[in-house]
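Heads up, run30.txt below (compact mmCIF, N, CA and C atoms):
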```
# COMPACT_ATOMS: atom_id res chain seq x y z
N MET A 1 -63.42 65.04 -161.79
CA MET A 1 -63.70 66.42 -161.52
C MET A 1 -63.27 67.32 -162.68
N LYS A 2 -62.07 67.07 -163.23
CA LYS A 2 -61.59 67.88 -164.34
C LYS A 2 -62.48 67.69 -165.57
N LYS A 3 -62.98 66.48 -165.75
CA LYS A 3 -63.85 66.20 -166.89
C LYS A 3 -65.11 67.06 -166.83
N TRP A 4 -65.72 67.17 -165.65
CA TRP A 4 -66.94 67.97 -165.48
C TRP A 4 -66.67 69.46 -165.68
N MET A 5 -65.53 69.92 -165.19
CA MET A 5 -65.17 71.33 -165.38
C MET A 5 -64.96 71.64 -166.86
N LEU A 6 -64.29 70.73 -167.55
CA LEU A 6 -64.05 70.91 -168.98
C LEU A 6 -65.36 70.93 -169.76
N MET A 7 -66.28 70.04 -169.40
CA MET A 7 -67.58 70.00 -170.07
C MET A 7 -68.36 71.29 -169.79
N GLY A 8 -68.32 71.79 -168.57
CA GLY A 8 -69.01 73.02 -168.22
C GLY A 8 -68.44 74.22 -168.97
N LEU A 9 -67.13 74.30 -169.05
CA LEU A 9 -66.50 75.40 -169.79
C LEU A 9 -66.84 75.33 -171.27
N THR A 10 -66.86 74.11 -171.82
CA THR A 10 -67.20 73.94 -173.22
C THR A 10 -68.63 74.39 -173.49
N LEU A 11 -69.56 74.02 -172.61
CA LEU A 11 -70.95 74.42 -172.76
C LEU A 11 -71.09 75.94 -172.69
N MET A 12 -70.40 76.58 -171.75
CA MET A 12 -70.46 78.03 -171.64
C MET A 12 -69.92 78.69 -172.91
N LEU A 13 -68.83 78.17 -173.46
CA LEU A 13 -68.25 78.72 -174.68
C LEU A 13 -69.22 78.59 -175.84
N VAL A 14 -69.88 77.46 -175.97
CA VAL A 14 -70.86 77.25 -177.04
C VAL A 14 -72.01 78.25 -176.91
N LEU A 15 -72.51 78.48 -175.70
CA LEU A 15 -73.59 79.43 -175.49
C LEU A 15 -73.17 80.85 -175.84
N VAL A 16 -71.97 81.25 -175.44
CA VAL A 16 -71.48 82.60 -175.75
C VAL A 16 -71.32 82.77 -177.25
N LEU A 17 -70.72 81.80 -177.91
CA LEU A 17 -70.51 81.91 -179.36
C LEU A 17 -71.82 81.90 -180.13
N SER A 18 -72.80 81.13 -179.68
CA SER A 18 -74.09 81.12 -180.39
C SER A 18 -74.80 82.46 -180.24
N ALA A 19 -74.64 83.13 -179.10
CA ALA A 19 -75.24 84.45 -178.93
C ALA A 19 -74.57 85.47 -179.83
N CYS A 20 -73.26 85.39 -180.00
CA CYS A 20 -72.53 86.33 -180.86
C CYS A 20 -72.90 86.15 -182.32
N GLY A 21 -73.30 84.97 -182.71
CA GLY A 21 -73.58 84.71 -184.11
C GLY A 21 -75.03 84.91 -184.50
N SER A 22 -75.86 85.41 -183.59
CA SER A 22 -77.26 85.58 -183.93
C SER A 22 -77.43 86.68 -184.96
N SER A 23 -78.49 86.62 -185.74
CA SER A 23 -78.71 87.60 -186.80
C SER A 23 -79.29 88.89 -186.29
N GLY A 24 -79.86 88.90 -185.09
CA GLY A 24 -80.40 90.12 -184.52
C GLY A 24 -81.69 90.57 -185.17
N LYS A 25 -82.42 89.68 -185.83
CA LYS A 25 -83.63 90.05 -186.53
C LYS A 25 -84.82 90.23 -185.60
N GLY A 26 -84.79 89.63 -184.44
CA GLY A 26 -85.91 89.79 -183.52
C GLY A 26 -87.18 89.16 -184.06
N GLY A 27 -88.34 89.58 -183.56
CA GLY A 27 -89.59 88.96 -183.94
C GLY A 27 -90.36 89.73 -184.99
N SER A 28 -89.77 90.70 -185.63
CA SER A 28 -90.49 91.50 -186.60
C SER A 28 -90.70 90.75 -187.90
N SER A 29 -91.88 90.89 -188.50
CA SER A 29 -92.15 90.21 -189.75
C SER A 29 -91.89 91.11 -190.95
N SER A 30 -91.55 92.36 -190.71
CA SER A 30 -91.33 93.30 -191.80
C SER A 30 -89.87 93.70 -191.86
N ASP A 31 -89.28 93.74 -193.06
CA ASP A 31 -87.91 94.18 -193.23
C ASP A 31 -87.84 95.64 -193.63
N GLU A 32 -88.96 96.31 -193.79
CA GLU A 32 -88.96 97.71 -194.20
C GLU A 32 -88.79 98.61 -193.00
N SER A 33 -88.09 99.72 -193.21
CA SER A 33 -87.93 100.71 -192.15
C SER A 33 -89.26 101.43 -191.96
N SER A 34 -89.54 101.80 -190.73
CA SER A 34 -90.83 102.44 -190.49
C SER A 34 -90.75 103.37 -189.31
N SER A 35 -91.73 104.24 -189.23
CA SER A 35 -91.90 105.06 -188.04
C SER A 35 -93.38 105.19 -187.78
N SER A 36 -93.71 105.28 -186.53
CA SER A 36 -95.12 105.42 -186.17
C SER A 36 -95.22 106.05 -184.80
N GLY A 37 -96.36 106.61 -184.54
CA GLY A 37 -96.63 107.17 -183.22
C GLY A 37 -97.16 106.06 -182.34
N GLY A 38 -96.49 105.81 -181.22
CA GLY A 38 -96.96 104.80 -180.30
C GLY A 38 -98.15 105.29 -179.51
N SER A 39 -98.85 104.39 -178.87
CA SER A 39 -100.03 104.76 -178.09
C SER A 39 -99.67 105.58 -176.87
N ASP A 40 -98.41 105.54 -176.43
CA ASP A 40 -98.00 106.31 -175.26
C ASP A 40 -97.32 107.62 -175.64
N GLY A 41 -97.54 108.10 -176.88
CA GLY A 41 -96.98 109.37 -177.31
C GLY A 41 -95.52 109.31 -177.74
N VAL A 42 -94.99 108.12 -177.95
CA VAL A 42 -93.61 107.94 -178.36
C VAL A 42 -93.58 107.66 -179.86
N LYS A 43 -92.76 108.41 -180.60
CA LYS A 43 -92.60 108.15 -182.02
C LYS A 43 -91.61 107.01 -182.18
N GLU A 44 -92.06 105.92 -182.80
CA GLU A 44 -91.23 104.74 -182.97
C GLU A 44 -90.63 104.73 -184.38
N ILE A 45 -89.32 104.56 -184.44
CA ILE A 45 -88.60 104.56 -185.71
C ILE A 45 -87.75 103.31 -185.78
N LYS A 46 -87.89 102.58 -186.89
CA LYS A 46 -87.06 101.40 -187.11
C LYS A 46 -86.00 101.75 -188.15
N VAL A 47 -84.74 101.48 -187.81
CA VAL A 47 -83.63 101.71 -188.73
C VAL A 47 -83.00 100.36 -189.03
N THR A 48 -82.86 100.06 -190.31
CA THR A 48 -82.25 98.81 -190.74
C THR A 48 -80.83 99.10 -191.23
N ALA A 49 -79.87 98.38 -190.69
CA ALA A 49 -78.48 98.54 -191.09
C ALA A 49 -78.07 97.37 -191.97
N SER A 50 -77.46 97.70 -193.09
CA SER A 50 -76.84 96.68 -193.94
C SER A 50 -75.45 97.18 -194.24
N ASN A 51 -74.70 96.42 -195.00
CA ASN A 51 -73.30 96.78 -195.17
C ASN A 51 -73.13 98.19 -195.72
N PHE A 52 -72.71 99.05 -194.80
CA PHE A 52 -72.28 100.42 -195.04
C PHE A 52 -73.40 101.41 -195.37
N LYS A 53 -74.65 101.10 -194.93
CA LYS A 53 -75.73 102.09 -195.07
C LYS A 53 -76.82 101.83 -194.05
N PHE A 54 -77.55 102.90 -193.75
CA PHE A 54 -78.73 102.84 -192.90
C PHE A 54 -79.95 103.13 -193.77
N GLU A 55 -81.05 102.49 -193.44
CA GLU A 55 -82.32 102.76 -194.13
C GLU A 55 -83.38 102.99 -193.07
N PRO A 56 -83.93 104.14 -192.91
CA PRO A 56 -83.67 105.36 -193.66
C PRO A 56 -82.37 106.01 -193.19
N SER A 57 -81.78 106.82 -194.06
CA SER A 57 -80.56 107.53 -193.70
C SER A 57 -80.88 108.94 -193.20
N GLU A 58 -82.14 109.35 -193.37
CA GLU A 58 -82.59 110.63 -192.85
C GLU A 58 -83.88 110.42 -192.06
N ILE A 59 -83.90 110.93 -190.84
CA ILE A 59 -85.05 110.78 -189.95
C ILE A 59 -85.48 112.18 -189.50
N LYS A 60 -86.78 112.46 -189.57
CA LYS A 60 -87.30 113.75 -189.12
C LYS A 60 -88.24 113.54 -187.93
N VAL A 61 -88.03 114.34 -186.89
CA VAL A 61 -88.90 114.33 -185.72
C VAL A 61 -89.15 115.78 -185.30
N LYS A 62 -90.12 115.96 -184.43
CA LYS A 62 -90.44 117.29 -183.93
C LYS A 62 -89.70 117.54 -182.61
N LYS A 63 -89.30 118.79 -182.39
CA LYS A 63 -88.62 119.15 -181.15
C LYS A 63 -89.55 118.86 -179.97
N GLY A 64 -88.99 118.23 -178.95
CA GLY A 64 -89.75 117.88 -177.75
C GLY A 64 -90.39 116.51 -177.83
N GLU A 65 -90.37 115.89 -179.00
CA GLU A 65 -91.00 114.59 -179.19
C GLU A 65 -90.17 113.49 -178.52
N LYS A 66 -90.87 112.54 -177.90
CA LYS A 66 -90.20 111.36 -177.37
C LYS A 66 -90.03 110.39 -178.53
N VAL A 67 -88.82 109.84 -178.65
CA VAL A 67 -88.47 108.98 -179.78
C VAL A 67 -87.96 107.65 -179.26
N LYS A 68 -88.43 106.58 -179.89
CA LYS A 68 -87.89 105.24 -179.64
C LYS A 68 -87.30 104.77 -180.96
N ILE A 69 -85.99 104.59 -180.99
CA ILE A 69 -85.32 104.16 -182.21
C ILE A 69 -84.90 102.70 -182.03
N THR A 70 -85.24 101.88 -183.02
CA THR A 70 -84.93 100.45 -182.97
C THR A 70 -84.01 100.12 -184.11
N LEU A 71 -82.89 99.49 -183.80
CA LEU A 71 -81.91 99.08 -184.79
C LEU A 71 -82.07 97.60 -185.10
N GLU A 72 -82.12 97.30 -186.39
CA GLU A 72 -82.09 95.92 -186.86
C GLU A 72 -80.93 95.78 -187.85
N ASN A 73 -80.21 94.67 -187.77
CA ASN A 73 -79.13 94.40 -188.71
C ASN A 73 -79.62 93.47 -189.80
N ASN A 74 -79.48 93.90 -191.04
CA ASN A 74 -79.86 93.10 -192.19
C ASN A 74 -78.66 92.32 -192.74
N GLU A 75 -77.51 92.97 -192.79
CA GLU A 75 -76.26 92.38 -193.22
C GLU A 75 -75.17 92.84 -192.28
N GLY A 76 -74.31 91.94 -191.86
CA GLY A 76 -73.19 92.32 -191.01
C GLY A 76 -73.60 92.68 -189.60
N ASN A 77 -72.60 93.10 -188.81
CA ASN A 77 -72.83 93.53 -187.43
C ASN A 77 -72.62 95.03 -187.36
N HIS A 78 -73.64 95.75 -186.92
CA HIS A 78 -73.58 97.20 -186.88
C HIS A 78 -74.17 97.71 -185.58
N GLY A 79 -73.85 98.95 -185.27
CA GLY A 79 -74.43 99.66 -184.14
C GLY A 79 -75.00 100.96 -184.65
N LEU A 80 -75.57 101.74 -183.75
CA LEU A 80 -76.11 103.04 -184.13
C LEU A 80 -75.89 103.99 -182.97
N ALA A 81 -75.16 105.07 -183.24
CA ALA A 81 -74.88 106.07 -182.21
C ALA A 81 -75.38 107.43 -182.66
N ILE A 82 -76.04 108.13 -181.75
CA ILE A 82 -76.44 109.53 -181.95
C ILE A 82 -75.83 110.28 -180.76
N PRO A 83 -74.58 110.73 -180.90
CA PRO A 83 -73.88 111.32 -179.75
C PRO A 83 -74.61 112.49 -179.11
N ASP A 84 -75.29 113.33 -179.90
CA ASP A 84 -75.97 114.50 -179.33
C ASP A 84 -77.10 114.13 -178.36
N PHE A 85 -77.57 112.87 -178.42
CA PHE A 85 -78.65 112.43 -177.53
C PHE A 85 -78.22 111.24 -176.66
N ASN A 86 -76.90 111.03 -176.57
CA ASN A 86 -76.35 109.95 -175.75
C ASN A 86 -76.94 108.58 -176.08
N VAL A 87 -77.16 108.32 -177.36
CA VAL A 87 -77.65 107.02 -177.82
C VAL A 87 -76.48 106.26 -178.40
N ASP A 88 -76.29 105.02 -177.98
CA ASP A 88 -75.25 104.16 -178.56
C ASP A 88 -75.69 102.71 -178.46
N LEU A 89 -76.34 102.25 -179.51
CA LEU A 89 -76.75 100.85 -179.60
C LEU A 89 -75.59 100.07 -180.20
N GLN A 90 -74.99 99.18 -179.44
CA GLN A 90 -73.86 98.39 -179.92
C GLN A 90 -74.30 97.09 -180.58
N GLN A 91 -75.59 96.84 -180.58
CA GLN A 91 -76.17 95.65 -181.19
C GLN A 91 -77.64 95.95 -181.45
N PRO A 92 -78.33 95.08 -182.19
CA PRO A 92 -79.76 95.34 -182.42
C PRO A 92 -80.50 95.52 -181.10
N GLY A 93 -81.41 96.46 -181.10
CA GLY A 93 -82.18 96.76 -179.90
C GLY A 93 -82.79 98.14 -180.03
N SER A 94 -83.25 98.70 -178.91
CA SER A 94 -83.94 99.98 -178.92
C SER A 94 -83.36 100.93 -177.88
N ALA A 95 -83.55 102.22 -178.15
CA ALA A 95 -83.19 103.26 -177.20
C ALA A 95 -84.25 104.35 -177.29
N GLU A 96 -84.55 104.98 -176.16
CA GLU A 96 -85.52 106.07 -176.13
C GLU A 96 -84.84 107.34 -175.68
N PHE A 97 -85.27 108.47 -176.26
CA PHE A 97 -84.74 109.77 -175.88
C PHE A 97 -85.76 110.83 -176.25
N THR A 98 -85.58 112.02 -175.71
CA THR A 98 -86.42 113.16 -176.07
C THR A 98 -85.63 114.05 -177.02
N ALA A 99 -86.20 114.34 -178.17
CA ALA A 99 -85.55 115.17 -179.19
C ALA A 99 -85.69 116.63 -178.78
N ASP A 100 -84.86 117.06 -177.84
CA ASP A 100 -84.99 118.39 -177.27
C ASP A 100 -83.97 119.39 -177.83
N GLN A 101 -83.24 119.01 -178.87
CA GLN A 101 -82.24 119.90 -179.48
C GLN A 101 -82.56 120.04 -180.97
N ALA A 102 -83.06 121.20 -181.37
CA ALA A 102 -83.40 121.43 -182.78
C ALA A 102 -82.13 121.42 -183.63
N GLY A 103 -82.31 121.02 -184.90
CA GLY A 103 -81.20 121.05 -185.83
C GLY A 103 -80.93 119.68 -186.44
N GLU A 104 -79.80 119.59 -187.12
CA GLU A 104 -79.38 118.33 -187.75
C GLU A 104 -78.35 117.66 -186.86
N HIS A 105 -78.57 116.37 -186.61
CA HIS A 105 -77.70 115.59 -185.74
C HIS A 105 -77.27 114.33 -186.48
N GLU A 106 -75.96 114.15 -186.59
CA GLU A 106 -75.43 112.97 -187.28
C GLU A 106 -75.62 111.72 -186.43
N PHE A 107 -75.98 110.62 -187.10
CA PHE A 107 -75.88 109.31 -186.46
C PHE A 107 -74.94 108.47 -187.31
N HIS A 108 -74.29 107.50 -186.68
CA HIS A 108 -73.30 106.69 -187.39
C HIS A 108 -73.22 105.29 -186.79
N CYS A 109 -72.57 104.42 -187.53
CA CYS A 109 -72.35 103.05 -187.04
C CYS A 109 -71.31 103.11 -185.93
N SER A 110 -71.61 102.45 -184.82
CA SER A 110 -70.72 102.47 -183.66
C SER A 110 -70.01 101.14 -183.44
N VAL A 111 -70.09 100.24 -184.43
CA VAL A 111 -69.40 98.95 -184.37
C VAL A 111 -68.54 98.84 -185.63
N MET A 112 -67.24 98.67 -185.48
CA MET A 112 -66.35 98.57 -186.65
C MET A 112 -66.86 97.43 -187.53
N CYS A 113 -67.26 97.81 -188.76
CA CYS A 113 -67.93 96.82 -189.62
C CYS A 113 -67.22 96.59 -190.95
N GLY A 114 -66.07 97.18 -191.16
CA GLY A 114 -65.33 96.92 -192.38
C GLY A 114 -64.90 98.18 -193.09
N ALA A 115 -64.54 98.02 -194.36
CA ALA A 115 -63.92 99.09 -195.14
C ALA A 115 -64.81 100.32 -195.29
N GLY A 116 -66.12 100.18 -195.35
CA GLY A 116 -67.01 101.32 -195.52
C GLY A 116 -67.56 101.89 -194.23
N HIS A 117 -67.01 101.46 -193.10
CA HIS A 117 -67.52 101.86 -191.78
C HIS A 117 -67.59 103.38 -191.62
N SER A 118 -66.54 104.08 -192.01
CA SER A 118 -66.49 105.53 -191.78
C SER A 118 -67.52 106.29 -192.62
N ASP A 119 -68.06 105.67 -193.67
CA ASP A 119 -69.07 106.32 -194.50
C ASP A 119 -70.50 105.97 -194.07
N MET A 120 -70.63 105.14 -193.04
CA MET A 120 -71.96 104.67 -192.61
C MET A 120 -72.55 105.69 -191.65
N LYS A 121 -73.26 106.67 -192.24
CA LYS A 121 -73.79 107.80 -191.47
C LYS A 121 -75.22 108.12 -191.93
N GLY A 122 -75.90 108.86 -191.08
CA GLY A 122 -77.22 109.36 -191.40
C GLY A 122 -77.46 110.66 -190.66
N THR A 123 -78.64 111.22 -190.86
CA THR A 123 -78.96 112.50 -190.22
C THR A 123 -80.32 112.41 -189.53
N LEU A 124 -80.34 112.85 -188.27
CA LEU A 124 -81.58 113.02 -187.52
C LEU A 124 -81.89 114.51 -187.55
N ILE A 125 -83.04 114.87 -188.11
CA ILE A 125 -83.45 116.27 -188.19
C ILE A 125 -84.53 116.52 -187.16
N VAL A 126 -84.26 117.43 -186.25
CA VAL A 126 -85.22 117.80 -185.21
C VAL A 126 -85.77 119.17 -185.61
N GLU A 127 -87.06 119.22 -185.97
CA GLU A 127 -87.69 120.45 -186.46
C GLU A 127 -88.39 121.19 -185.34
```

What does the file become when written as C-alpha cells?
Amino acid sequence: MKKWMLMGLTLMLVLVLSACGSSGKGGSSSDESSSSGGSDGVKEIKVTASNFKFEPSEIKVKKGEKVKITLENNEGNHGLAIPDFNVDLQQPGSAEFTADQAGEHEFHCSVMCGAGHSDMKGTLIVE
C-alpha cells in the first residue's frame, strides 16, 4: 500500500514540476508582437516579455474599445499587470477588458523575475 502511495505522489510531483517548467509559448507561430481587430470587435494585442522588457512597451487603444491582451514569455517567467483595469496575468495567457479610462496607464511585470524586475514597465495609452 505504501509503495502505491509513494508512486502516486511521485507522479503528481512530476506533473506539477513539468507544468511549472513549460515555456509558455502556446501555439503561435510568430514571435513578433502584434495587434489586430478581432471579428467580434475586440482589439487583440500580443505582448512578448523577455528579461526586463516588454515588446511593445507602449500600446495605444481608443477609449471604449474592448481589448484582449495576450502575454507570451520569450525569456524567463513574467506576468503582466494593468492595475487601472484590474488585469493581472501571472503567467502566459489572455485577459479582456474595456478601455474606459482615458489617459496613460502603467503596466508592469507582476512576477518577481530578477534584478531588473522593478524597471520592467510599459504604458497603455487610451485616447

Inset, instruction - Between A:His105, A:Ile59, A:Ser118, A:His78, single out the one closest to Gln90 (chain A), counting only C-alpha atoms. - result: A:His78

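Of note, CA of Ala99 (chain A) and CA of Ile125 (chain A) are spaced 9.3 Å apart.
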
Legend entry - Between atom C of Leu71 (chain A) and atom N of Gln101 (chain A) - distance in Å to one decimal: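 Rounded to one decimal, the two atoms are 22.3 Å apart.
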
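Restricting the calculation to only C-alpha atoms, the smallest distance between Ser110 (chain A) and any of A:Val42, A:Leu89, A:Val47, A:Val67 is found for A:Leu89.
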
Inset, instruction - May I ask which of the residues A:Ala102, A:Cys113, A:Glu75, A:Lys66 is the closest one to Asp40 (chain A), counting only C-alpha atoms? - result: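 The closest residue to Asp40 (chain A) is A:Lys66.
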
Inset, instruction - For Gly116 (chain A), list every protein, DNA or RNA residue within 12 Å, evaluated using only C-alpha atoms, and leave out those in the same chain fewer than 5 positions away; present the list as a ChimeraX atom specification. - result: /A:50-53,76,78,108-109,111,121

Legend entry - Point (-83.9, 111.7, -177.1), cut-off 9 Å, counting only C-alpha atoms, residues as a list in words: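 Every residue inside that radius is included here: Gly64, Glu65, Lys66, Val67, Lys68, Asp84, Phe85, Asn86, Val87, Ala95, Glu96, Phe97, Thr98, Ala99, Asp100 and Gln101 of chain A.
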
Inset, instruction - Quick one: pull the distance between CA of Lys62 (chain A) and CA of Ser94 (chain A), Å, one decimal. - result: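 Atom-to-atom, CA of Lys62 (chain A) and CA of Ser94 (chain A) are spaced 19.2 Å apart.
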
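When the distance limit is 7 Å and only C-alpha atoms are what count, the residues near Glu104 (chain A), minus those fewer than 2 positions from it on the same chain, are Glu106, Thr123, Leu124, Ile125 and Val126 of chain A.
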
Inset, instruction - Select, from A:Pro92, A:Ile69, A:Phe107, A:Lys46, the residue with the minimum atom-to-atom distance to Met120 (chain A), counting only C-alpha atoms. - result: A:Phe107

Legend entry - strand (DSSP E) positions in region 55-127 of chain A, given as a PyMOL selection string: chain A and resi 55+58-61+66-73+80-82+87-89+93-98+103-108+121-126

May I have the centre and edge lengths, in Å to one decimal, of an axis-aligned box around the listed atoms of region 74-81 of chain A with 8 Å added to every side, as JSON?
```
{"center_x": -76.2, "center_y": 99.7, "center_z": -187.7, "size_x": 23.3, "size_y": 31.5, "size_z": 27.0}
```
